[in-house]
$ cat entry_24.csv   # CSV, C-alpha atoms
chain,number,residue,atom,x,y,z
A,1,MET,CA,12.8,-3.2,-14.3
A,2,THR,CA,16.2,-2.2,-15.5
A,3,ASP,CA,15.6,-3.7,-18.9
A,4,LEU,CA,13.1,-0.9,-19.5
A,5,PHE,CA,16.2,1.4,-19.6
A,6,GLU,CA,18.6,-1.0,-21.2
A,7,SER,CA,19.2,0.7,-24.5
A,8,PRO,CA,18.3,4.4,-24.1
A,9,ASP,CA,18.0,5.8,-27.7
A,10,SER,CA,18.0,9.5,-26.9
A,11,THR,CA,19.3,12.0,-24.4
A,12,ARG,CA,15.9,12.1,-22.9
A,13,GLU,CA,15.9,8.3,-22.2
A,14,GLU,CA,19.5,8.5,-20.8
A,15,ILE,CA,18.3,11.1,-18.3
A,16,LEU,CA,15.2,9.0,-17.4
A,17,ALA,CA,17.5,6.0,-16.9
A,18,ALA,CA,19.8,8.0,-14.7
A,19,ALA,CA,16.7,9.2,-12.7
A,20,TYR,CA,15.7,5.6,-12.2
A,21,ARG,CA,19.1,4.5,-11.0
A,22,ALA,CA,19.4,7.5,-8.7
A,23,LEU,CA,15.9,6.8,-7.3
A,24,CYS,CA,16.8,3.2,-6.5
A,25,ARG,CA,20.1,4.2,-5.0
A,26,HIS,CA,19.1,7.1,-2.8
A,27,GLY,CA,15.3,6.8,-2.4
A,28,TYR,CA,12.9,9.7,-3.0
A,29,ALA,CA,13.4,11.9,0.0
A,30,PRO,CA,17.1,12.8,-0.3
A,31,LEU,CA,17.1,12.7,-4.1
A,32,THR,CA,18.3,15.8,-5.9
A,33,ILE,CA,18.9,16.7,-9.5
A,34,GLU,CA,22.6,16.7,-8.6
A,35,LYS,CA,22.4,13.1,-7.6
A,36,ILE,CA,20.6,12.2,-10.8
A,37,GLY,CA,23.3,14.1,-12.7
A,38,ALA,CA,25.9,11.9,-11.0
A,39,GLU,CA,24.3,8.8,-12.6
A,40,LEU,CA,24.6,10.4,-16.0
A,41,ASP,CA,27.5,10.3,-18.4
A,42,LYS,CA,26.9,13.9,-19.3
A,43,SER,CA,26.7,17.3,-17.6
A,44,THR,CA,24.1,17.8,-14.8
A,45,SER,CA,23.1,21.1,-16.4
A,46,LEU,CA,21.6,19.0,-19.2
A,47,VAL,CA,19.1,17.7,-16.7
A,48,TYR,CA,18.1,21.2,-15.7
A,49,HIS,CA,17.7,22.0,-19.3
A,50,HIS,CA,15.1,19.3,-19.8
A,51,TYR,CA,13.3,19.2,-16.4
A,52,GLU,CA,12.2,21.8,-13.9
A,53,GLY,CA,12.9,19.8,-10.8
A,54,LYS,CA,13.1,16.3,-9.3
A,55,ASP,CA,9.3,15.7,-9.3
A,56,ASP,CA,9.0,16.8,-12.9
A,57,LEU,CA,11.7,14.3,-13.9
A,58,LEU,CA,10.4,11.5,-11.7
A,59,LEU,CA,6.9,11.9,-13.1
A,60,ALA,CA,8.4,11.7,-16.6
A,61,CYS,CA,10.3,8.6,-15.5
A,62,LEU,CA,7.1,6.9,-14.2
A,63,GLU,CA,5.2,7.8,-17.3
A,64,PHE,CA,8.0,6.4,-19.5
A,65,MET,CA,7.9,3.1,-17.5
A,66,LEU,CA,4.2,2.8,-17.8
A,67,ASP,CA,4.4,3.5,-21.6
A,68,GLN,CA,6.9,0.7,-21.9
A,69,TYR,CA,4.7,-1.7,-19.8
A,70,GLU,CA,1.7,-0.8,-21.8
A,71,THR,CA,3.4,-1.5,-25.1
A,72,GLU,CA,4.8,-4.8,-23.8
A,73,PHE,CA,1.4,-5.9,-22.4
A,74,VAL,CA,-0.4,-5.1,-25.6
A,75,GLU,CA,2.1,-6.8,-27.8
A,76,ALA,CA,2.7,-9.9,-25.7
A,77,GLU,CA,0.5,-12.8,-26.5
A,78,ILE,CA,-0.6,-14.7,-23.4
A,79,THR,CA,0.1,-18.4,-24.3
A,80,ASP,CA,0.4,-19.7,-20.8
A,81,PRO,CA,-2.1,-17.8,-18.6
A,82,ARG,CA,-1.3,-19.7,-15.4
A,83,GLY,CA,2.4,-19.4,-15.8
A,84,THR,CA,2.1,-15.6,-16.6
A,85,LEU,CA,0.0,-15.0,-13.5
A,86,GLU,CA,2.4,-16.9,-11.2
A,87,ALA,CA,5.4,-15.2,-12.7
A,88,ALA,CA,3.9,-11.8,-11.6
A,89,PHE,CA,3.8,-13.0,-8.0
A,90,ASP,CA,7.2,-14.7,-8.2
A,91,ASP,CA,8.7,-11.4,-9.2
A,92,PHE,CA,7.3,-9.4,-6.3
A,93,LEU,CA,6.8,-11.9,-3.5
A,94,ASP,CA,10.2,-13.5,-3.6
A,95,PRO,CA,12.3,-12.9,-0.5
A,96,GLU,CA,15.4,-13.6,-2.7
A,97,MET,CA,14.5,-10.8,-5.2
A,98,PRO,CA,17.5,-8.8,-6.6
A,99,ALA,CA,18.5,-5.9,-4.4
A,100,GLU,CA,17.6,-3.4,-7.1
A,101,ARG,CA,14.0,-4.5,-7.0
A,102,HIS,CA,13.9,-4.1,-3.2
A,103,ASP,CA,15.2,-0.6,-3.7
A,104,PHE,CA,12.7,0.2,-6.4
A,105,ILE,CA,9.8,-1.1,-4.3
A,106,ARG,CA,10.9,1.1,-1.4
A,107,ALA,CA,11.0,4.1,-3.7
A,108,LEU,CA,7.6,3.3,-5.1
A,109,VAL,CA,6.1,3.4,-1.5
A,110,GLU,CA,7.6,6.9,-1.1
A,111,LEU,CA,6.3,8.1,-4.5
A,112,ARG,CA,2.9,6.7,-3.7
A,113,GLY,CA,3.0,8.8,-0.5
A,114,GLN,CA,3.1,11.9,-2.7
A,115,ALA,CA,-0.2,11.0,-4.4
A,116,PRO,CA,-2.5,12.3,-1.7
A,117,HIS,CA,-1.2,15.8,-1.9
A,118,ASP,CA,0.1,15.9,-5.5
A,119,GLU,CA,-2.4,15.5,-8.3
A,120,ARG,CA,0.3,14.6,-10.9
A,121,TYR,CA,1.4,11.6,-8.8
A,122,ARG,CA,-2.2,10.6,-8.2
A,123,GLU,CA,-2.7,10.6,-12.0
A,124,GLN,CA,0.3,8.4,-12.7
A,125,PHE,CA,-0.6,5.9,-9.9
A,126,GLY,CA,-4.2,5.9,-11.1
A,127,ARG,CA,-3.0,5.0,-14.6
A,128,SER,CA,-0.7,2.4,-13.1
A,129,ASP,CA,-3.5,0.8,-11.1
A,130,ARG,CA,-5.8,0.6,-14.1
A,131,LEU,CA,-3.0,-0.8,-16.3
A,132,PHE,CA,-1.9,-3.6,-14.0
A,133,GLU,CA,-5.5,-4.5,-13.0
A,134,GLN,CA,-6.4,-4.7,-16.8
A,135,ARG,CA,-3.3,-6.8,-17.3
A,136,PHE,CA,-4.6,-9.3,-14.6
A,137,ALA,CA,-8.0,-9.2,-16.3
A,138,ASP,CA,-6.5,-10.0,-19.7
A,139,ILE,CA,-4.5,-12.9,-18.3
A,140,ILE,CA,-7.7,-14.3,-16.6
A,141,GLU,CA,-9.8,-13.9,-19.8
A,142,ALA,CA,-7.1,-15.8,-21.7
A,143,GLY,CA,-7.2,-18.6,-19.1
A,144,ILE,CA,-10.9,-18.8,-19.3
A,145,GLU,CA,-10.8,-19.0,-23.1
A,146,SER,CA,-8.1,-21.7,-23.0
A,147,GLY,CA,-10.0,-23.7,-20.4
A,148,GLN,CA,-7.2,-23.4,-17.8
A,149,PHE,CA,-9.4,-21.2,-15.6
A,150,ARG,CA,-13.0,-21.3,-14.5
A,151,ALA,CA,-15.6,-18.9,-15.9
A,152,VAL,CA,-15.1,-16.3,-13.1
A,153,ASP,CA,-15.8,-12.6,-13.3
A,154,ALA,CA,-12.4,-11.6,-14.6
A,155,ASP,CA,-12.6,-8.0,-13.3
A,156,SER,CA,-13.4,-9.1,-9.8
A,157,VAL,CA,-10.6,-11.6,-9.6
A,158,ALA,CA,-8.3,-9.0,-11.2
A,159,GLY,CA,-9.2,-6.5,-8.6
A,160,MET,CA,-8.4,-9.0,-5.9
A,161,LEU,CA,-5.0,-9.8,-7.4
A,162,HIS,CA,-4.1,-6.2,-7.9
A,163,THR,CA,-5.1,-5.4,-4.3
A,164,LEU,CA,-2.9,-8.3,-3.0
A,165,PHE,CA,-0.1,-7.0,-5.2
A,166,SER,CA,-0.4,-3.5,-3.9
A,167,GLY,CA,-0.6,-4.7,-0.3
A,168,ALA,CA,2.5,-6.8,-0.7
A,169,LEU,CA,4.4,-3.9,-2.1
A,170,ILE,CA,3.3,-1.5,0.7
A,171,ASN,CA,4.1,-4.0,3.4
A,172,HIS,CA,7.4,-4.9,1.7
A,173,ALA,CA,9.6,-2.9,4.0
A,174,THR,CA,8.2,-4.4,7.2
A,175,ALA,CA,7.5,-8.0,6.0
A,176,GLU,CA,9.6,-10.9,7.2
A,177,ASP,CA,10.7,-13.6,4.7
A,178,GLU,CA,8.7,-16.4,6.2
A,179,ARG,CA,5.6,-14.2,6.1
A,180,LEU,CA,6.1,-13.6,2.4
A,181,THR,CA,6.4,-17.3,1.8
A,182,ALA,CA,3.2,-18.0,3.8
A,183,LEU,CA,1.4,-15.3,1.9
A,184,ARG,CA,2.5,-16.7,-1.4
A,185,GLU,CA,1.1,-20.1,-0.3
A,186,GLU,CA,-2.2,-18.7,0.6
A,187,ILE,CA,-2.5,-16.8,-2.6
A,188,ASP,CA,-1.9,-20.1,-4.4
A,189,ALA,CA,-4.6,-21.7,-2.3
A,190,TYR,CA,-7.0,-18.8,-3.2
A,191,LEU,CA,-6.2,-19.3,-6.9
A,192,GLU,CA,-6.8,-23.1,-6.6
A,193,ALA,CA,-10.1,-22.5,-4.8
A,194,ARG,CA,-11.4,-19.8,-7.1
A,195,LEU,CA,-9.6,-19.7,-10.4
A,196,TYR,CA,-7.9,-22.8,-11.6
A,197,ALA,CA,-10.1,-25.3,-13.4
B,198,MET,CA,-10.9,6.5,14.6
B,199,THR,CA,-12.0,9.7,16.4
B,200,ASP,CA,-13.4,7.8,19.4
B,201,LEU,CA,-9.7,7.1,20.3
B,202,PHE,CA,-9.4,10.8,21.0
B,203,GLU,CA,-12.9,11.3,22.4
B,204,SER,CA,-12.1,12.1,26.0
B,205,PRO,CA,-8.4,13.3,26.3
B,206,ASP,CA,-7.5,13.1,29.9
B,207,SER,CA,-4.3,15.1,29.9
B,208,THR,CA,-2.6,18.0,28.0
B,209,ARG,CA,-0.5,15.4,26.1
B,210,GLU,CA,-3.7,13.6,24.9
B,211,GLU,CA,-5.2,16.9,23.9
B,212,ILE,CA,-2.2,17.7,21.8
B,213,LEU,CA,-2.3,14.3,20.2
B,214,ALA,CA,-6.0,14.7,19.4
B,215,ALA,CA,-5.2,18.1,17.8
B,216,ALA,CA,-2.5,16.5,15.8
B,217,TYR,CA,-4.9,13.8,14.5
B,218,ARG,CA,-7.5,16.4,13.5
B,219,ALA,CA,-4.9,18.6,11.8
B,220,LEU,CA,-3.5,15.6,10.0
B,221,CYS,CA,-6.9,14.6,8.7
B,222,ARG,CA,-7.7,18.2,7.7
B,223,HIS,CA,-4.5,19.1,5.9
B,224,GLY,CA,-2.7,15.9,5.1
B,225,TYR,CA,1.0,15.3,6.0
B,226,ALA,CA,2.9,17.3,3.5
B,227,PRO,CA,1.6,20.8,4.3
B,228,LEU,CA,1.1,20.1,8.0
B,229,THR,CA,2.9,22.4,10.5
B,230,ILE,CA,3.0,22.7,14.2
B,231,GLU,CA,1.1,26.0,13.8
B,232,LYS,CA,-1.7,24.2,12.0
B,233,ILE,CA,-1.8,21.6,14.8
B,234,GLY,CA,-1.8,24.5,17.3
B,235,ALA,CA,-4.9,25.9,15.6
B,236,GLU,CA,-6.8,22.7,16.4
B,237,LEU,CA,-5.9,23.1,20.0
B,238,ASP,CA,-7.8,25.0,22.6
B,239,LYS,CA,-4.6,26.2,24.1
B,240,SER,CA,-1.5,28.1,23.0
B,241,THR,CA,0.6,26.7,20.1
B,242,SER,CA,3.8,27.3,22.2
B,243,LEU,CA,2.5,24.4,24.4
B,244,VAL,CA,3.0,22.1,21.4
B,245,TYR,CA,6.6,23.2,21.0
B,246,HIS,CA,7.2,22.7,24.7
B,247,HIS,CA,6.2,19.0,24.3
B,248,TYR,CA,7.4,18.1,20.8
B,249,GLU,CA,10.5,18.9,18.8
B,250,GLY,CA,8.7,19.0,15.4
B,251,LYS,CA,5.8,17.6,13.4
B,252,ASP,CA,7.3,14.2,12.9
B,253,ASP,CA,8.1,13.8,16.5
B,254,LEU,CA,4.4,14.7,17.3
B,255,LEU,CA,2.9,12.5,14.5
B,256,LEU,CA,5.0,9.5,15.6
B,257,ALA,CA,3.7,10.0,19.2
B,258,CYS,CA,0.2,10.2,17.8
B,259,LEU,CA,0.6,6.9,15.8
B,260,GLU,CA,2.1,5.3,18.9
B,261,PHE,CA,-0.9,6.4,21.0
B,262,MET,CA,-3.4,5.1,18.5
B,263,LEU,CA,-1.6,1.7,18.4
B,264,ASP,CA,-1.5,1.6,22.2
B,265,GLN,CA,-5.3,2.2,22.3
B,266,TYR,CA,-5.9,-0.5,19.6
B,267,GLU,CA,-3.7,-2.9,21.4
B,268,THR,CA,-5.6,-2.5,24.7
B,269,GLU,CA,-8.9,-2.7,22.9
B,270,PHE,CA,-7.9,-5.9,21.0
B,271,VAL,CA,-6.6,-7.6,24.1
B,272,GLU,CA,-9.7,-6.7,26.2
B,273,ALA,CA,-12.4,-7.4,23.6
B,274,GLU,CA,-13.7,-11.0,23.7
B,275,ILE,CA,-14.4,-12.3,20.2
B,276,THR,CA,-17.9,-13.7,20.5
B,277,ASP,CA,-18.8,-13.5,16.8
B,278,PRO,CA,-15.7,-14.2,14.8
B,279,ARG,CA,-17.4,-14.0,11.3
B,280,GLY,CA,-19.1,-10.7,12.2
B,281,THR,CA,-15.9,-9.2,13.6
B,282,LEU,CA,-14.0,-10.1,10.5
B,283,GLU,CA,-16.6,-8.7,8.2
B,284,ALA,CA,-16.9,-5.5,10.2
B,285,ALA,CA,-13.2,-4.8,9.6
B,286,PHE,CA,-13.7,-4.9,5.9
B,287,ASP,CA,-17.0,-3.0,6.1
B,288,ASP,CA,-15.2,-0.2,7.8
B,289,PHE,CA,-12.5,0.2,5.2
B,290,LEU,CA,-14.0,-1.0,1.9
B,291,ASP,CA,-17.2,1.0,2.1
B,292,PRO,CA,-17.5,3.7,-0.6
B,293,GLU,CA,-19.9,5.5,1.8
B,294,MET,CA,-17.4,5.7,4.6
B,295,PRO,CA,-17.4,9.0,6.6
B,296,ALA,CA,-15.3,11.8,5.1
B,297,GLU,CA,-12.9,11.8,8.1
B,298,ARG,CA,-12.0,8.1,7.4
B,299,HIS,CA,-11.2,9.0,3.8
B,300,ASP,CA,-9.0,11.8,5.1
B,301,PHE,CA,-7.2,9.6,7.6
B,302,ILE,CA,-6.5,6.9,5.0
B,303,ARG,CA,-5.0,9.5,2.6
B,304,ALA,CA,-2.8,10.7,5.5
B,305,LEU,CA,-1.8,7.1,6.3
B,306,VAL,CA,-0.6,6.6,2.7
B,307,GLU,CA,1.6,9.8,3.1
B,308,LEU,CA,3.0,8.6,6.5
B,309,ARG,CA,3.7,5.2,5.1
B,310,GLY,CA,5.7,6.9,2.4
B,311,GLN,CA,8.0,8.2,5.1
B,312,ALA,CA,8.9,4.7,6.3
B,313,PRO,CA,11.5,3.8,3.6
B,314,HIS,CA,13.7,6.7,4.6
B,315,ASP,CA,12.8,7.2,8.3
B,316,GLU,CA,13.4,4.4,10.7
B,317,ARG,CA,11.0,5.8,13.3
B,318,TYR,CA,8.1,5.5,10.9
B,319,ARG,CA,9.3,2.1,9.8
B,320,GLU,CA,9.2,1.0,13.4
B,321,GLN,CA,5.6,2.2,14.0
B,322,PHE,CA,4.3,0.7,10.7
B,323,GLY,CA,6.1,-2.6,11.5
B,324,ARG,CA,4.3,-2.6,14.9
B,325,SER,CA,1.0,-1.7,13.2
B,326,ASP,CA,1.4,-4.5,10.6
B,327,ARG,CA,2.2,-7.1,13.3
B,328,LEU,CA,-0.7,-5.8,15.5
B,329,PHE,CA,-3.4,-6.0,12.8
B,330,GLU,CA,-2.1,-9.3,11.4
B,331,GLN,CA,-2.2,-10.8,14.9
B,332,ARG,CA,-5.7,-9.4,15.4
B,333,PHE,CA,-6.8,-11.2,12.2
B,334,ALA,CA,-5.1,-14.4,13.4
B,335,ASP,CA,-6.9,-14.2,16.8
B,336,ILE,CA,-10.3,-13.7,15.1
B,337,ILE,CA,-9.6,-16.8,12.9
B,338,GLU,CA,-8.5,-18.9,15.8
B,339,ALA,CA,-11.7,-17.9,17.7
B,340,GLY,CA,-13.7,-19.0,14.6
B,341,ILE,CA,-11.9,-22.3,14.3
B,342,GLU,CA,-12.6,-22.9,18.0
B,343,SER,CA,-16.3,-22.1,17.8
B,344,GLY,CA,-16.7,-24.2,14.6
B,345,GLN,CA,-17.6,-21.2,12.4
B,346,PHE,CA,-14.3,-21.5,10.5
B,347,ARG,CA,-12.4,-24.4,9.0
B,348,ALA,CA,-9.2,-25.6,10.6
B,349,VAL,CA,-7.0,-23.4,8.3
B,350,ASP,CA,-3.5,-22.1,9.1
B,351,ALA,CA,-4.6,-19.0,11.0
B,352,ASP,CA,-1.3,-17.1,10.3
B,353,SER,CA,-1.4,-17.7,6.6
B,354,VAL,CA,-5.0,-16.5,6.2
B,355,ALA,CA,-4.3,-13.6,8.5
B,356,GLY,CA,-1.4,-12.6,6.3
B,357,MET,CA,-3.6,-12.7,3.3
B,358,LEU,CA,-6.3,-10.6,4.9
B,359,HIS,CA,-3.8,-8.1,6.2
B,360,THR,CA,-2.3,-7.8,2.7
B,361,LEU,CA,-5.7,-7.2,1.2
B,362,PHE,CA,-6.4,-4.6,3.8
B,363,SER,CA,-3.1,-2.8,3.1
B,364,GLY,CA,-3.6,-3.0,-0.6
B,365,ALA,CA,-7.2,-1.5,-0.3
B,366,LEU,CA,-5.8,1.3,1.8
B,367,ILE,CA,-3.0,2.2,-0.6
B,368,ASN,CA,-5.2,2.0,-3.7
B,369,HIS,CA,-7.9,4.0,-1.9
B,370,ALA,CA,-7.2,7.4,-3.5
B,371,THR,CA,-7.4,6.0,-7.1
B,372,ALA,CA,-10.1,3.3,-6.6
B,373,GLU,CA,-13.6,3.8,-8.0
B,374,ASP,CA,-16.7,2.9,-6.0
B,375,GLU,CA,-17.8,0.1,-8.2
B,376,ARG,CA,-14.3,-1.5,-8.0
B,377,LEU,CA,-14.4,-1.4,-4.2
B,378,THR,CA,-17.8,-3.2,-4.3
B,379,ALA,CA,-16.5,-5.8,-6.7
B,380,LEU,CA,-13.4,-6.3,-4.5
B,381,ARG,CA,-15.5,-6.7,-1.4
B,382,GLU,CA,-17.6,-9.4,-3.2
B,383,GLU,CA,-14.4,-11.3,-4.2
B,384,ILE,CA,-13.0,-11.1,-0.7
B,385,ASP,CA,-16.3,-12.6,0.5
B,386,ALA,CA,-16.0,-15.4,-2.1
B,387,TYR,CA,-12.4,-16.1,-0.9
B,388,LEU,CA,-13.6,-16.3,2.7
B,389,GLU,CA,-16.5,-18.7,1.6
B,390,ALA,CA,-14.0,-20.8,-0.4
B,391,ARG,CA,-11.2,-21.0,2.2
B,392,LEU,CA,-12.4,-20.0,5.7
B,393,TYR,CA,-16.1,-20.4,6.4
B,394,ALA,CA,-17.2,-23.8,7.6
$ encode --input "entry_24.csv" --output "structure tokens"
Amino acid sequence: MTDLFESPDSTREEILAAAYRALCRHGYAPLTIEKIGAELDKSTSLVYHHYEGKDDLLLACLEFMLDQYETEFVEAEITDPRGTLEAAFDDFLDPEMPAERHDFIRALVELRGQAPHDERYREQFGRSDRLFEQRFADIIEAGIESGQFRAVDADSVAGMLHTLFSGALINHATAEDERLTALREEIDAYLEARLYA
Amino acid sequence: MTDLFESPDSTREEILAAAYRALCRHGYAPLTIEKIGAELDKSTSLVYHHYEGKDDLLLACLEFMLDQYETEFVEAEITDPRGTLEAAFDDFLDPEMPAERHDFIRALVELRGQAPHDERYREQFGRSDRLFEQRFADIIEAGIESGQFRAVDADSVAGMLHTLFSGALINHATAEDERLTALREEIDAYLEARLYA
């Protein structure tokens, strides 16, 4: 995830990168603009100048990340559908994932918890759900075209994979390592049974 | 869910039932002890007498629900494993579900969002994850024994089903009806391919 913020090319992007780092470090609940300012190489007052409050800034941060993913997904040609699909699960179902990713997943669960009572979060997560589900569908379509995958209904299988992905994220904090490994094996068995040609 | 609170047999259970109703009506964020008191046929001061704050009361409410489910699961003989499994998905993947269940799912997403920063919520959701995953495993074992299911690794398939269940709940607020129906069909296809004999 960090690479999205690797070379901020404006003050706005520097602030968004600081918000991302502070969110991973502290989580959502205790996060303040002051804590975000502490991650920034500039004065905290600059943050107040650009954003009204922490939700305003975090929503801009989510939007920026989704914009980046969208561009990346549209531009990336899918040359190895099976490898691309498996890499997505490798990234998020790996008990050995980097600490920063653990932190980000935990923060995402908190942010998702804002969606039921805050329309702006609901909108961002709705966009995120559609984006990642469409990404799965594109990978599946590419695999059907190349002959690696069977002629399944791409949207249905994409919905299943996105639901598994969301479930794994939400259960992340309470899941034990060996359960993650067993889950990954069963997802592979599902893909073998339903998708791989 | 309401039937868990149908015949409260003590003041404590009446308060928990009021907390459940208030949670469904208002959601977590704007919930107050006053709003919970308004659902109670007694004085709000009684709530303050028993519980220190809204989290204290909501955690007791979650614990009570899990206790009830646990008793129910232990006592219920599984005579129709396939029907029992499908009923679980019918209840939570039905676009026509009762409004109260919609409200409760929304509230659960908010409560789950407390887990990353509040150990007490993490504990309850950890217990809930283990309880429902074990329930799926018991149903699968029963099906293997009766010959309705293949001799799969019950824990792995249970982990998969629980993950799907969690993902469907978390995506609930942003999911469109036709996607829920497509997801349900793909889950059935998975069960046909992997589980049903």
$ interface_residues --input "entry_24.csv" --of "chain A" --to "chain B" --cutoff "6 Å" --atoms "all atoms listed in the file" --output "PyMOL selection string"
chain A and resi 106+109-110+113+116+126+156+159-160+163-164+166-168+174+182-183
$ closest_residue --input "entry_24.csv" --among "A:Asp80, A:Asp94, A:Glu34, A:Glu13" --to "Leu62 in chain A" --atoms "only C-alpha atoms"
A:Glu13
$ residues_around --input "entry_24.csv" --residues "Leu254 in chain B" --least-positions-apart "5" --cutoff "8 Å" --atoms "all atoms listed in the file" --output "PDB file with C-alpha atoms, in the frame of the given file"
ATOM      1  CA  LEU B 213      -2.300  14.300  20.200  1.00  0.00           C
ATOM      2  CA  ALA B 216      -2.500  16.500  15.800  1.00  0.00           C
ATOM      3  CA  TYR B 248       7.400  18.100  20.800  1.00  0.00           C
ATOM      4  CA  GLU B 249      10.500  18.900  18.800  1.00  0.00           C
TER       5      GLU B 249
END
$ residues_near_point --input "entry_24.csv" --point "(-8.0, -26.6, -18.8)" --cutoff "6 Å" --atoms "only C-alpha atoms" --output "compact mmCIF listing (two decimals) with C-alpha atoms, keeping the file's coordinate frame"
# COMPACT_ATOMS: atom_id res chain seq x y z
CA GLY A 147 -10.00 -23.70 -20.40
CA GLN A 148 -7.20 -23.40 -17.80
CA ALA A 197 -10.10 -25.30 -13.40
$ residues_around --input "entry_24.csv" --residues "range 21-24 of chain A" --least-positions-apart "5" --cutoff "9 Å" --atoms "only C-alpha atoms" --output "count of residues only"
18
$ closest_residue --input "entry_24.csv" --among "B:Gly250, B:Pro205, B:Gly280, B:Pro292" --to "Asp374 in chain B" --atoms "only C-alpha atoms"
B:Pro292
$ closest_residue --input "entry_24.csv" --among "B:Phe346, B:Ile336, B:Asp200, B:Leu263" --to "Ala285 in chain B" --atoms "all atoms listed in the file"
B:Ile336
$ atom_distance --input "entry_24.csv" --atom1 "CA of Leu85 in chain A" --atom2 "CA of Tyr20 in chain A"
25.9 Å
$ atom_distance --input "entry_24.csv" --atom1 "CA of Leu201 in chain B" --atom2 "CA of Asp287 in chain B"
18.9 Å
$ residues_around --input "entry_24.csv" --residues "Asp138 in chain A" --least-positions-apart "2" --cutoff "10 Å" --atoms "only C-alpha atoms" --output "PyMOL selection string"
chain A and resi 73-74+78+81+132-136+140-144+154-155+158
$ atom_distance --input "entry_24.csv" --atom1 "CA of Thr276 in chain B" --atom2 "CA of Phe202 in chain B"
25.9 Å
$ closest_residue --input "entry_24.csv" --among "B:Glu260, B:Asp385, B:Leu392, B:Thr208" --to "Phe286 in chain B" --atoms "only C-alpha atoms"
B:Asp385
